[in-house]
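Okay, work.txt is below, compact mmCIF, C-alpha atoms:
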# COMPACT_ATOMS: atom_id res chain seq x y z
CA MET A 1 -34.58 -8.13 -10.57
CA ILE A 2 -32.25 -8.03 -7.60
CA GLY A 3 -30.35 -4.82 -7.02
CA ILE A 4 -26.76 -4.34 -6.00
CA SER A 5 -27.55 -4.72 -2.31
CA GLY A 6 -29.24 -8.06 -2.97
CA ILE A 7 -26.32 -9.40 -4.98
CA VAL A 8 -23.83 -8.27 -2.36
CA SER A 9 -25.84 -9.54 0.63
CA LYS A 10 -26.10 -13.01 -0.89
CA ILE A 11 -22.32 -13.21 -1.19
CA VAL A 12 -21.65 -11.58 2.17
CA ASP A 13 -24.01 -14.09 3.82
CA LYS A 14 -22.18 -16.95 2.18
CA TYR A 15 -19.07 -15.85 4.08
CA GLN A 16 -20.98 -15.30 7.35
CA GLU A 17 -20.24 -11.57 7.21
CA ASP A 18 -16.61 -12.35 8.04
CA ARG A 19 -14.51 -9.21 7.52
CA GLY A 20 -11.44 -11.34 6.96
CA MET A 21 -13.07 -12.64 3.80
CA LEU A 22 -13.13 -9.22 2.16
CA ILE A 23 -10.86 -10.27 -0.72
CA GLN A 24 -12.85 -13.45 -1.38
CA ILE A 25 -16.11 -11.50 -1.29
CA LEU A 26 -14.82 -8.91 -3.75
CA LEU A 27 -13.62 -11.70 -6.04
CA ASP A 28 -17.04 -13.35 -5.94
CA VAL A 29 -18.85 -10.09 -6.64
CA GLN A 30 -16.49 -9.32 -9.47
CA SER A 31 -16.89 -12.74 -11.06
CA GLY A 32 -20.57 -11.97 -11.49
CA LEU A 33 -20.28 -8.37 -12.65
CA GLY A 34 -16.96 -8.42 -14.44
CA TRP A 35 -15.74 -5.39 -12.51
CA LEU A 36 -16.27 -3.52 -9.25
CA PRO A 37 -18.40 -0.37 -9.54
CA LYS A 38 -18.20 2.17 -6.75
CA GLU A 39 -21.73 1.34 -5.56
CA VAL A 40 -20.65 -2.26 -5.04
CA LEU A 41 -17.59 -1.29 -3.00
CA THR A 42 -19.73 0.99 -0.86
CA GLU A 43 -22.31 -1.76 -0.36
CA VAL A 44 -19.70 -4.40 0.55
CA GLY A 45 -18.16 -1.98 3.06
CA LYS A 46 -21.54 -1.20 4.57
CA GLN A 47 -22.67 -4.80 4.90
CA LEU A 48 -19.35 -6.03 6.29
CA GLY A 49 -18.77 -3.05 8.56
CA VAL A 50 -15.44 -2.29 6.88
CA PRO A 51 -14.62 1.37 6.16
CA LEU A 52 -14.76 2.32 2.50
CA THR A 53 -11.14 3.50 2.68
CA ARG A 54 -10.14 -0.05 3.59
CA VAL A 55 -12.23 -1.56 0.79
CA TYR A 56 -10.57 0.78 -1.71
CA GLN A 57 -7.15 -0.04 -0.30
CA VAL A 58 -7.67 -3.73 -1.00
CA ALA A 59 -9.48 -3.25 -4.32
CA THR A 60 -6.75 -0.99 -5.73
CA TYR A 61 -3.90 -3.11 -4.39
CA TYR A 62 -4.60 -6.34 -6.26
CA LYS A 63 -4.33 -6.40 -10.03
CA VAL A 64 -7.11 -8.93 -10.25
CA PHE A 65 -9.65 -6.29 -9.26
CA SER A 66 -10.91 -3.85 -11.83
CA LEU A 67 -12.57 -0.58 -10.87
CA ALA A 68 -13.44 0.20 -14.47
CA PRO A 69 -15.83 -1.72 -16.74
CA ARG A 70 -14.19 -4.64 -18.51
CA GLY A 71 -14.96 -6.25 -21.83
CA ARG A 72 -16.66 -9.60 -22.24
CA HIS A 73 -13.35 -11.40 -22.61
CA LEU A 74 -10.30 -10.76 -20.51
CA VAL A 75 -6.90 -11.35 -22.09
CA ARG A 76 -3.97 -11.58 -19.70
CA VAL A 77 -0.41 -11.84 -20.94
CA CYS A 78 2.18 -12.98 -18.43
CA MET A 79 5.22 -10.75 -18.12
CA GLY A 80 6.91 -12.81 -15.39
CA THR A 81 10.61 -13.59 -15.58
CA ALA A 82 10.29 -17.01 -17.19
CA CYS A 83 7.80 -15.77 -19.81
CA GLN A 84 9.88 -12.64 -20.33
CA VAL A 85 13.01 -14.58 -21.32
CA ARG A 86 10.91 -16.72 -23.64
CA GLY A 87 9.66 -13.69 -25.50
CA SER A 88 6.49 -12.49 -23.78
CA PRO A 89 7.09 -8.88 -24.95
CA LEU A 90 6.53 -10.11 -28.52
CA ILE A 91 3.33 -11.86 -27.46
CA ARG A 92 2.15 -8.70 -25.74
CA ASP A 93 2.88 -6.63 -28.85
CA ARG A 94 0.98 -9.09 -31.04
CA VAL A 95 -2.08 -9.01 -28.77
CA GLN A 96 -1.91 -5.24 -28.75
CA GLN A 97 -1.77 -5.21 -32.55
CA LEU A 98 -4.65 -7.66 -32.98
CA LEU A 99 -6.97 -6.06 -30.45
CA GLY A 100 -5.94 -2.51 -31.15
CA ILE A 101 -5.73 -1.69 -27.44
CA GLU A 102 -2.89 -1.25 -24.97
CA PRO A 103 -2.48 -3.15 -21.71
CA GLY A 104 -5.00 -1.82 -19.20
CA GLU A 105 -7.51 -0.85 -21.88
CA THR A 106 -10.86 -2.18 -23.06
CA SER A 107 -11.88 -2.22 -26.71
CA SER A 108 -14.59 0.25 -27.63
CA ASP A 109 -16.99 -2.57 -28.59
CA MET A 110 -16.55 -3.93 -25.02
CA LYS A 111 -15.49 -7.27 -26.43
CA PHE A 112 -11.97 -7.48 -24.99
CA SER A 113 -10.01 -6.17 -22.07
CA PHE A 114 -6.26 -6.58 -22.14
CA GLU A 115 -3.91 -6.74 -19.18
CA THR A 116 -0.37 -7.74 -18.47
CA VAL A 117 0.26 -9.61 -15.23
CA ASN A 118 3.43 -10.47 -13.37
CA CYS A 119 2.91 -14.21 -13.08
CA LEU A 120 0.18 -16.63 -14.02
CA GLY A 121 1.67 -19.38 -11.91
CA CYS A 122 2.66 -21.77 -14.69
CA CYS A 123 6.14 -20.64 -15.63
CA ALA A 124 7.06 -23.94 -17.30
CA MET A 125 4.47 -23.19 -19.98
CA GLY A 126 5.79 -19.77 -20.88
CA PRO A 127 5.25 -17.60 -22.73
CA MET A 128 1.74 -17.66 -21.34
CA MET A 129 -1.53 -15.95 -21.99
CA THR A 130 -4.99 -16.53 -20.58
CA VAL A 131 -8.27 -15.64 -22.23
CA ASP A 132 -11.02 -15.74 -19.60
CA ASP A 133 -10.47 -19.13 -17.94
CA GLY A 134 -8.56 -20.67 -20.84
CA TYR A 135 -4.79 -21.08 -20.59
CA HIS A 136 -2.62 -20.83 -23.66
CA GLY A 137 1.00 -21.87 -23.17
CA HIS A 138 4.16 -22.23 -25.25
CA LEU A 139 2.85 -19.44 -27.43
CA THR A 140 4.30 -18.40 -30.74
CA ILE A 141 3.23 -15.24 -32.54
CA PRO A 142 0.87 -17.07 -34.96
CA ASP A 143 -0.69 -18.92 -31.98
CA VAL A 144 -1.91 -15.63 -30.56
CA GLU A 145 -4.16 -14.92 -33.49
CA GLU A 146 -5.48 -18.46 -33.48
CA ALA A 147 -6.25 -18.31 -29.76
CA LEU A 148 -8.04 -14.97 -30.00
CA GLU A 149 -9.99 -15.96 -33.10
CA LYS A 150 -12.24 -18.27 -31.06
CA TYR A 151 -13.46 -15.38 -28.96
CA LYS A 152 -14.11 -12.85 -31.69
CA MET B 1 0.79 -4.37 40.36
CA GLU B 2 2.38 -4.49 36.96
CA LYS B 3 5.54 -6.44 36.50
CA LEU B 4 8.67 -4.36 36.15
CA ILE B 5 11.30 -5.34 33.65
CA SER B 6 14.86 -4.14 33.80
CA LEU B 7 16.90 -3.65 30.67
CA GLU B 8 19.88 -1.67 29.52
CA ILE B 9 19.63 1.09 26.94
CA ASP B 10 22.87 2.72 25.83
CA GLY B 11 24.58 1.47 28.98
CA LYS B 12 21.91 2.93 31.24
CA GLU B 13 19.80 0.74 33.56
CA VAL B 14 16.16 1.26 32.65
CA LYS B 15 13.00 -0.03 34.31
CA ALA B 16 10.00 -0.64 32.10
CA ARG B 17 6.55 -2.08 32.53
CA GLU B 18 5.67 -5.33 30.86
CA GLY B 19 4.11 -4.84 27.45
CA MET B 20 5.93 -1.58 26.75
CA THR B 21 7.90 -1.23 23.58
CA VAL B 22 11.61 -0.49 23.48
CA LEU B 23 10.82 2.95 22.06
CA GLU B 24 8.46 3.81 24.93
CA ALA B 25 10.96 2.57 27.52
CA ALA B 26 13.71 4.67 25.97
CA LYS B 27 11.47 7.71 25.83
CA GLU B 28 10.61 7.39 29.52
CA ALA B 29 14.29 7.14 30.33
CA GLY B 30 14.97 10.31 28.38
CA ILE B 31 16.77 8.54 25.54
CA GLU B 32 15.70 9.79 22.17
CA ILE B 33 15.13 7.48 19.20
CA PRO B 34 14.16 9.13 15.92
CA THR B 35 10.80 8.21 14.39
CA LEU B 36 8.81 9.09 11.27
CA CYS B 37 5.78 6.81 11.30
CA TYR B 38 5.35 6.56 15.08
CA HIS B 39 2.60 8.46 16.84
CA GLU B 40 1.89 7.98 20.55
CA LYS B 41 -1.86 7.75 20.04
CA LEU B 42 -1.56 5.09 17.34
CA GLU B 43 -0.75 1.41 17.22
CA PRO B 44 2.87 0.71 16.18
CA TYR B 45 3.17 0.49 12.41
CA GLY B 46 6.84 -0.24 11.75
CA ALA B 47 6.84 1.27 8.28
CA CYS B 48 9.74 3.72 8.30
CA ARG B 49 12.35 1.67 10.19
CA ILE B 50 14.12 4.86 11.23
CA CYS B 51 13.65 3.78 14.88
CA SER B 52 15.78 0.67 14.28
CA VAL B 53 18.01 -0.23 17.23
CA GLU B 54 20.44 -3.01 18.03
CA VAL B 55 19.31 -5.63 20.53
CA GLU B 56 21.93 -7.80 22.17
CA ARG B 57 20.93 -11.18 23.47
CA GLY B 58 23.26 -14.06 24.28
CA GLY B 59 26.22 -12.38 22.63
CA ARG B 60 24.41 -11.87 19.32
CA THR B 61 22.98 -8.64 18.06
CA GLN B 62 19.89 -8.14 16.00
CA VAL B 63 18.42 -5.01 14.43
CA VAL B 64 14.76 -4.43 15.30
CA ALA B 65 12.23 -1.62 14.89
CA SER B 66 11.97 -0.28 18.44
CA CYS B 67 8.45 1.13 17.99
CA GLY B 68 6.90 -2.32 17.90
CA TYR B 69 9.41 -4.41 19.82
CA PRO B 70 8.36 -5.38 23.35
CA VAL B 71 10.80 -5.03 26.23
CA GLU B 72 12.33 -8.18 27.65
CA GLU B 73 14.13 -8.82 30.93
CA GLY B 74 17.87 -8.28 30.63
CA MET B 75 17.94 -7.11 27.03
CA LYS B 76 20.72 -4.73 26.01
CA ILE B 77 19.83 -2.02 23.52
CA LYS B 78 22.07 0.24 21.55
CA THR B 79 20.22 3.17 19.99
CA ARG B 80 23.31 4.51 18.20
CA SER B 81 26.11 2.53 16.63
CA GLU B 82 27.95 2.53 13.34
CA ARG B 83 25.53 -0.07 11.99
CA ILE B 84 22.40 1.79 13.14
CA ASP B 85 23.65 5.15 11.88
CA GLN B 86 24.35 3.60 8.48
CA ILE B 87 20.84 2.12 8.35
CA ARG B 88 19.21 5.44 9.25
CA LYS B 89 21.36 7.31 6.76
CA THR B 90 20.32 4.96 3.95
CA ILE B 91 16.63 5.15 4.91
CA ILE B 92 16.76 8.96 4.71
CA GLU B 93 18.52 8.80 1.37
CA LEU B 94 15.84 6.48 0.02
CA ILE B 95 13.01 8.65 1.34
CA ALA B 96 14.47 11.92 0.04
CA PRO B 97 13.61 11.60 -3.69
CA SER B 98 9.85 11.38 -3.03
CA LEU B 99 10.14 14.73 -1.29
CA SER B 100 12.22 16.47 -3.90
CA ASP B 101 9.30 18.50 -5.24
CA GLY B 102 8.76 20.41 -2.02
CA GLY B 103 12.44 20.07 -1.09
CA VAL B 104 13.77 17.93 1.70
CA VAL B 105 12.57 19.99 4.63
CA GLY B 106 11.24 19.57 8.16
CA LYS B 107 11.86 16.45 10.14
CA VAL B 108 13.47 14.53 7.29
CA ARG B 109 15.91 17.41 6.72
CA GLU B 110 16.86 17.41 10.41
CA LEU B 111 17.48 13.67 10.32
CA ALA B 112 19.46 13.96 7.09
CA ASP B 113 21.79 16.46 8.75
CA GLU B 114 22.06 14.41 11.92
CA TYR B 115 23.05 11.24 10.06
CA GLY B 116 25.04 12.82 7.26
CA ALA B 117 22.66 11.59 4.56
CA ASP B 118 23.22 12.72 0.98
CA THR B 119 19.63 13.49 -0.03
CA SER B 120 20.47 13.67 -3.72
CA VAL B 121 22.22 10.31 -4.04
CA PHE B 122 19.16 8.43 -5.37
CA MET B 123 17.55 11.36 -7.21
CA SER B 124 18.79 10.38 -10.66
CA THR B 125 17.66 6.76 -10.35
CA PHE B 126 14.23 7.64 -8.93
CA LYS B 127 11.63 6.93 -11.58
CA ALA B 128 8.41 7.65 -9.70
CA THR B 129 6.67 10.99 -9.24
CA PRO B 130 7.85 12.95 -6.20
CA THR B 131 4.66 13.20 -4.15
CA ARG B 132 5.99 14.78 -0.96
CA CYS B 133 4.46 11.78 0.80
CA ILE B 134 6.62 9.18 2.53
CA LEU B 135 3.70 6.76 3.08
CA CYS B 136 4.21 6.72 6.85
CA GLY B 137 0.45 6.25 7.17
CA GLN B 138 0.11 8.53 10.19
CA CYS B 139 -2.77 10.49 8.61
CA VAL B 140 -4.53 7.31 7.50
CA ARG B 141 -4.16 5.61 10.86
CA TYR B 142 -4.99 8.75 12.84
CA CYS B 143 -8.16 9.25 10.81
CA SER B 144 -9.16 5.66 11.43
CA GLU B 145 -7.90 4.93 14.96
CA VAL B 146 -8.35 8.27 16.70
CA VAL B 147 -10.97 10.24 14.77
CA ALA B 148 -12.76 7.14 13.42
CA ALA B 149 -13.74 9.14 10.35
CA ASN B 150 -11.98 6.97 7.74
CA ALA B 151 -11.94 9.87 5.31
CA ILE B 152 -8.40 9.28 4.12
CA GLY B 153 -6.81 6.02 3.05
CA PHE B 154 -4.18 4.21 1.03
CA VAL B 155 -4.73 3.13 -2.56
CA GLY B 156 -2.62 1.39 -5.16
CA ARG B 157 0.66 -0.36 -4.58
CA GLY B 158 4.37 -0.12 -5.17
CA VAL B 159 5.48 3.18 -6.71
CA GLU B 160 1.82 3.94 -7.40
CA ARG B 161 0.80 3.76 -3.76
CA ARG B 162 -0.90 6.99 -2.69
CA VAL B 163 -2.85 8.53 0.13
CA VAL B 164 -6.24 9.82 -1.02
CA PHE B 165 -9.33 11.43 0.44
CA LEU B 166 -12.78 9.98 -0.07
CA PRO B 167 -14.83 13.07 -0.93
CA GLU B 168 -18.10 11.80 0.56
CA ARG B 169 -16.44 11.12 3.93
CA ALA B 170 -14.11 14.11 3.78
CA SER B 171 -16.89 16.60 3.16
CA ARG B 172 -18.60 15.33 6.29
CA PHE B 173 -15.70 15.13 8.71
CA CYS B 174 -12.75 17.15 7.49
CA PRO B 175 -14.05 20.74 7.70
CA THR B 176 -14.22 20.49 11.51
CA CYS B 177 -11.27 18.18 12.10
CA ARG B 178 -8.12 18.60 10.00
CA GLU B 179 -6.03 16.92 12.65
CA CYS B 180 -4.05 15.14 9.95
CA TYR B 181 -2.59 18.52 8.95
CA GLU B 182 -0.57 18.44 12.17
CA VAL B 183 0.24 14.75 12.03
CA CYS B 184 1.82 14.75 8.55
CA PRO B 185 5.63 14.79 8.98
CA THR B 186 6.27 16.35 5.56
CA GLY B 187 3.50 18.96 5.65
CA LYS B 188 1.99 17.69 2.42
CA ILE B 189 -1.60 17.65 3.58
CA ALA B 190 -1.65 21.24 4.83
CA ALA B 191 0.21 22.45 1.75
CA GLU B 192 -1.93 20.73 -0.86
CA THR B 193 -5.45 21.01 0.49
CA ASP B 194 -7.42 24.17 0.30
CA GLY B 195 -10.04 24.58 2.99
CA SER B 196 -12.71 21.95 3.14
CA ILE B 197 -12.28 20.38 -0.28
CA PHE B 198 -9.38 18.20 -1.38
CA PRO B 199 -8.78 18.77 -5.07
CA GLU B 200 -5.23 17.51 -5.18
CA PHE B 201 -5.63 13.94 -4.15
CA SER B 202 -9.06 12.37 -3.96
CA ILE B 203 -9.92 8.79 -4.85
CA ASP B 204 -11.45 10.05 -8.10
CA ASP B 205 -8.13 11.64 -9.13
CA PHE B 206 -6.41 8.33 -8.47
CA LEU B 207 -8.92 6.24 -10.41
CA SER B 208 -8.88 8.58 -13.38
CA GLY B 209 -5.10 8.34 -13.49
CA LYS B 210 -4.46 11.97 -12.55
CA MET B 211 -2.07 11.01 -9.78

The structure in this file should be written as structure tokens.
Amino acid sequence: MIGISGIVSKIVDKYQEDRGMLIQILLDVQSGLGWLPKEVLTEVGKQLGVPLTRVYQVATYYKVFSLAPRGRHLVRVCMGTACQVRGSPLIRDRVQQLLGIEPGETSSDMKFSFETVNCLGCCAMGPMMTVDDGYHGHLTIPDVEEALEKYK
Amino acid sequence: MEKLISLEIDGKEVKAREGMTVLEAAKEAGIEIPTLCYHEKLEPYGACRICSVEVERGGRTQVVASCGYPVEEGMKIKTRSERIDQIRKTIIELIAPSLSDGGVVGKVRELADEYGADTSVFMSTFKATPTRCILCGQCVRYCSEVVAANAIGFVGRGVERRVVFLPERASRFCPTCRECYEVCPTGKIAAETDGSIFPEFSIDDFLSGKM
């Protein structure tokens, strides 16, 4: 079994230890682990020669990074302007009701994490929600349950 | 021999060396420009904009942050004007609410008086927590650029942006350094840290949602 330093060094090598690729490296590490534990941030900083303060600055700035464990499935509801006017608050409330967790939380069975985001980049399809890599657009309240059912 | 550049600041002929910033040239000529995020040992940051000045070129004026703006031959600078004073006044008014906990004191207070800023004008609309920090980044940059300890850094963004200590670095470097105490323009660091530990604002406090 490879440890954290092995996982990180493989990814860091892929980017030729380029400090400018810090965000991309963190994204890659996170895609494997689901979140970014402190040990990983420390290891990335060490291997890239970037101070840990800087790594934290980047990791806490972007919403895509999670510094707490996340569930197996990640539900993101778009709260951007276009989705907002098409009723995304109702979609958010429905997700909250079905999963029993608030935005930013993870269910106690570690099955779902729920987040709101400011734009998913496909405003014409609003209101929008993503579950892992799957995009669900033009949502109605009954659609939410249907979409989530597949992942339960 | 370095190339000398001549420019005009507030009607005064000033000679500057190539590569200097407008702020440095003014300082050498004895003309004072207020600053909050500038520190002579640090790279220009341009965060506070309080050092904004008017640059006149070809009959048009432009407002620039003097701390990071390089001098150019023949440029005409105005460090005070109605427009500049209005900008500085508004900046102070916008900064003031984040200080309201400890009161608007020190350098920001002096500037507020100088520019006639009403420090309470945005208080009622301010929704974030007053942290006594204006995010000038002097402590963060000083710790990184001068001390090279990297014990203190920025986290989060928007109204949640904070300055935090990393305990594992801080415990190693801070007890014998503490130079950021002096650098902080609002006095937050000295007021909220007790000795060698930093209970009020460490990365762990931020991640656990305590700040």

Please find the residues of chain B near chain A - the criterion being any atom within 6 Å, counting only C-alpha atoms - and write them as a list in words.
Gly153, Phe154, Val155, Gly156 and Arg157 of chain B

Considering all atoms listed in the file, return as a ChimeraX atom specification whatever protein or nucleic-acid residues lie within 7 Å of Ala151 (chain B), sequence-local ones (same chain, fewer than 2 positions apart) excluded.
/A:53 /B:143,149,153,165-166,169-170

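CA of Pro44 (chain B) lies 21.5 Å from CA of Leu94 (chain B).
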
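From CA of Arg172 (chain B) back to CA of Asp204 (chain B), the distance works out to 16.9 Å.
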
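Nearest residue to Gly45 (chain A) among A:Arg94, A:Lys111, A:Arg19, A:His138 is A:Arg19, counting all atoms listed in the file.
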
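In this structure, CA of Gly100 (chain A) sits 28.7 Å away from CA of Thr129 (chain B).
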
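Among the candidate residues B:Lys78, B:Arg83, B:Arg161, B:Arg132, the one lying nearest to Ala96 (chain B) is B:Arg132, with distances computed using all atoms listed in the file.
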
Which is closer to Gln138 (chain B) than all the others in B:Thr186, B:Ser81, B:Thr193, B:Ser52, using all atoms listed in the file?
B:Thr186

My structure is short of atoms at region 30-58 of chain A; please model N, CA and C atoms there, returning them as an mmCIF file, in the frame of the given file.
data_model
loop_
_atom_site.group_PDB
_atom_site.id
_atom_site.type_symbol
_atom_site.label_atom_id
_atom_site.label_comp_id
_atom_site.auth_asym_id
_atom_site.auth_seq_id
_atom_site.Cartn_x
_atom_site.Cartn_y
_atom_site.Cartn_z
ATOM 1 N N GLN A 30 -17.037 -9.677 -8.165
ATOM 2 C CA GLN A 30 -16.490 -9.320 -9.470
ATOM 3 C C GLN A 30 -16.727 -10.407 -10.512
ATOM 4 N N SER A 31 -16.712 -11.668 -10.078
ATOM 5 C CA SER A 31 -16.890 -12.740 -11.060
ATOM 6 C C SER A 31 -18.283 -12.665 -11.684
ATOM 7 N N GLY A 32 -19.238 -12.130 -10.929
ATOM 8 C CA GLY A 32 -20.570 -11.970 -11.490
ATOM 9 C C GLY A 32 -20.709 -10.741 -12.370
ATOM 10 N N LEU A 33 -20.080 -9.643 -11.956
ATOM 11 C CA LEU A 33 -20.280 -8.370 -12.650
ATOM 12 C C LEU A 33 -19.196 -8.037 -13.665
ATOM 13 N N GLY A 34 -18.052 -8.708 -13.517
ATOM 14 C CA GLY A 34 -16.960 -8.420 -14.440
ATOM 15 C C GLY A 34 -16.035 -7.317 -13.934
ATOM 16 N N TRP A 35 -16.568 -6.452 -13.092
ATOM 17 C CA TRP A 35 -15.740 -5.390 -12.510
ATOM 18 C C TRP A 35 -16.392 -4.922 -11.216
ATOM 19 N N LEU A 36 -15.755 -3.973 -10.538
ATOM 20 C CA LEU A 36 -16.270 -3.520 -9.250
ATOM 21 C C LEU A 36 -16.675 -2.043 -9.305
ATOM 22 N N PRO A 37 -17.963 -1.764 -9.549
ATOM 23 C CA PRO A 37 -18.400 -0.370 -9.540
ATOM 24 C C PRO A 37 -18.351 0.183 -8.117
ATOM 25 N N LYS A 38 -18.282 1.488 -8.041
ATOM 26 C CA LYS A 38 -18.200 2.170 -6.750
ATOM 27 C C LYS A 38 -19.348 1.785 -5.812
ATOM 28 N N GLU A 39 -20.556 1.669 -6.379
ATOM 29 C CA GLU A 39 -21.730 1.340 -5.560
ATOM 30 C C GLU A 39 -21.542 -0.017 -4.881
ATOM 31 N N VAL A 40 -20.877 -0.932 -5.594
ATOM 32 C CA VAL A 40 -20.650 -2.260 -5.040
ATOM 33 C C VAL A 40 -19.667 -2.190 -3.873
ATOM 34 N N LEU A 41 -18.585 -1.420 -4.062
ATOM 35 C CA LEU A 41 -17.590 -1.290 -3.000
ATOM 36 C C LEU A 41 -18.228 -0.681 -1.753
ATOM 37 N N THR A 42 -19.052 0.337 -1.974
ATOM 38 C CA THR A 42 -19.730 0.990 -0.860
ATOM 39 C C THR A 42 -20.637 -0.001 -0.137
ATOM 40 N N GLU A 43 -21.362 -0.797 -0.921
ATOM 41 C CA GLU A 43 -22.310 -1.760 -0.360
ATOM 42 C C GLU A 43 -21.574 -2.865 0.414
ATOM 43 N N VAL A 44 -20.483 -3.361 -0.139
ATOM 44 C CA VAL A 44 -19.700 -4.400 0.550
ATOM 45 C C VAL A 44 -19.194 -3.841 1.878
ATOM 46 N N GLY A 45 -18.668 -2.615 1.842
ATOM 47 C CA GLY A 45 -18.160 -1.980 3.060
ATOM 48 C C GLY A 45 -19.254 -1.849 4.111
ATOM 49 N N LYS A 46 -20.425 -1.417 3.666
ATOM 50 C CA LYS A 46 -21.540 -1.200 4.570
ATOM 51 C C LYS A 46 -21.980 -2.522 5.205
ATOM 52 N N GLN A 47 -22.156 -3.533 4.376
ATOM 53 C CA GLN A 47 -22.670 -4.800 4.900
ATOM 54 C C GLN A 47 -21.668 -5.536 5.783
ATOM 55 N N LEU A 48 -20.362 -5.344 5.502
ATOM 56 C CA LEU A 48 -19.350 -6.030 6.290
ATOM 57 C C LEU A 48 -18.898 -5.208 7.503
ATOM 58 N N GLY A 49 -19.255 -3.915 7.500
ATOM 59 C CA GLY A 49 -18.770 -3.050 8.560
ATOM 60 C C GLY A 49 -17.300 -2.708 8.399
ATOM 61 N N VAL A 50 -16.830 -2.659 7.165
ATOM 62 C CA VAL A 50 -15.440 -2.290 6.880
ATOM 63 C C VAL A 50 -15.458 -0.897 6.262
ATOM 64 N N PRO A 51 -14.612 0.023 6.742
ATOM 65 C CA PRO A 51 -14.620 1.370 6.160
ATOM 66 C C PRO A 51 -14.319 1.345 4.658
ATOM 67 N N LEU A 52 -14.940 2.271 3.948
ATOM 68 C CA LEU A 52 -14.760 2.320 2.500
ATOM 69 C C LEU A 52 -13.284 2.536 2.122
ATOM 70 N N THR A 53 -12.563 3.289 2.953
ATOM 71 C CA THR A 53 -11.140 3.500 2.680
ATOM 72 C C THR A 53 -10.399 2.162 2.614
ATOM 73 N N ARG A 54 -10.771 1.266 3.524
ATOM 74 C CA ARG A 54 -10.140 -0.050 3.590
ATOM 75 C C ARG A 54 -10.522 -0.888 2.362
ATOM 76 N N VAL A 55 -11.778 -0.798 1.955
ATOM 77 C CA VAL A 55 -12.230 -1.560 0.790
ATOM 78 C C VAL A 55 -11.466 -1.086 -0.453
ATOM 79 N N TYR A 56 -11.326 0.230 -0.580
ATOM 80 C CA TYR A 56 -10.570 0.780 -1.710
ATOM 81 C C TYR A 56 -9.108 0.362 -1.653
ATOM 82 N N GLN A 57 -8.552 0.339 -0.441
ATOM 83 C CA GLN A 57 -7.150 -0.040 -0.300
ATOM 84 C C GLN A 57 -6.911 -1.431 -0.870
ATOM 85 N N VAL A 58 -7.794 -2.358 -0.528
ATOM 86 C CA VAL A 58 -7.670 -3.730 -1.000
ATOM 87 C C VAL A 58 -7.974 -3.812 -2.504
#
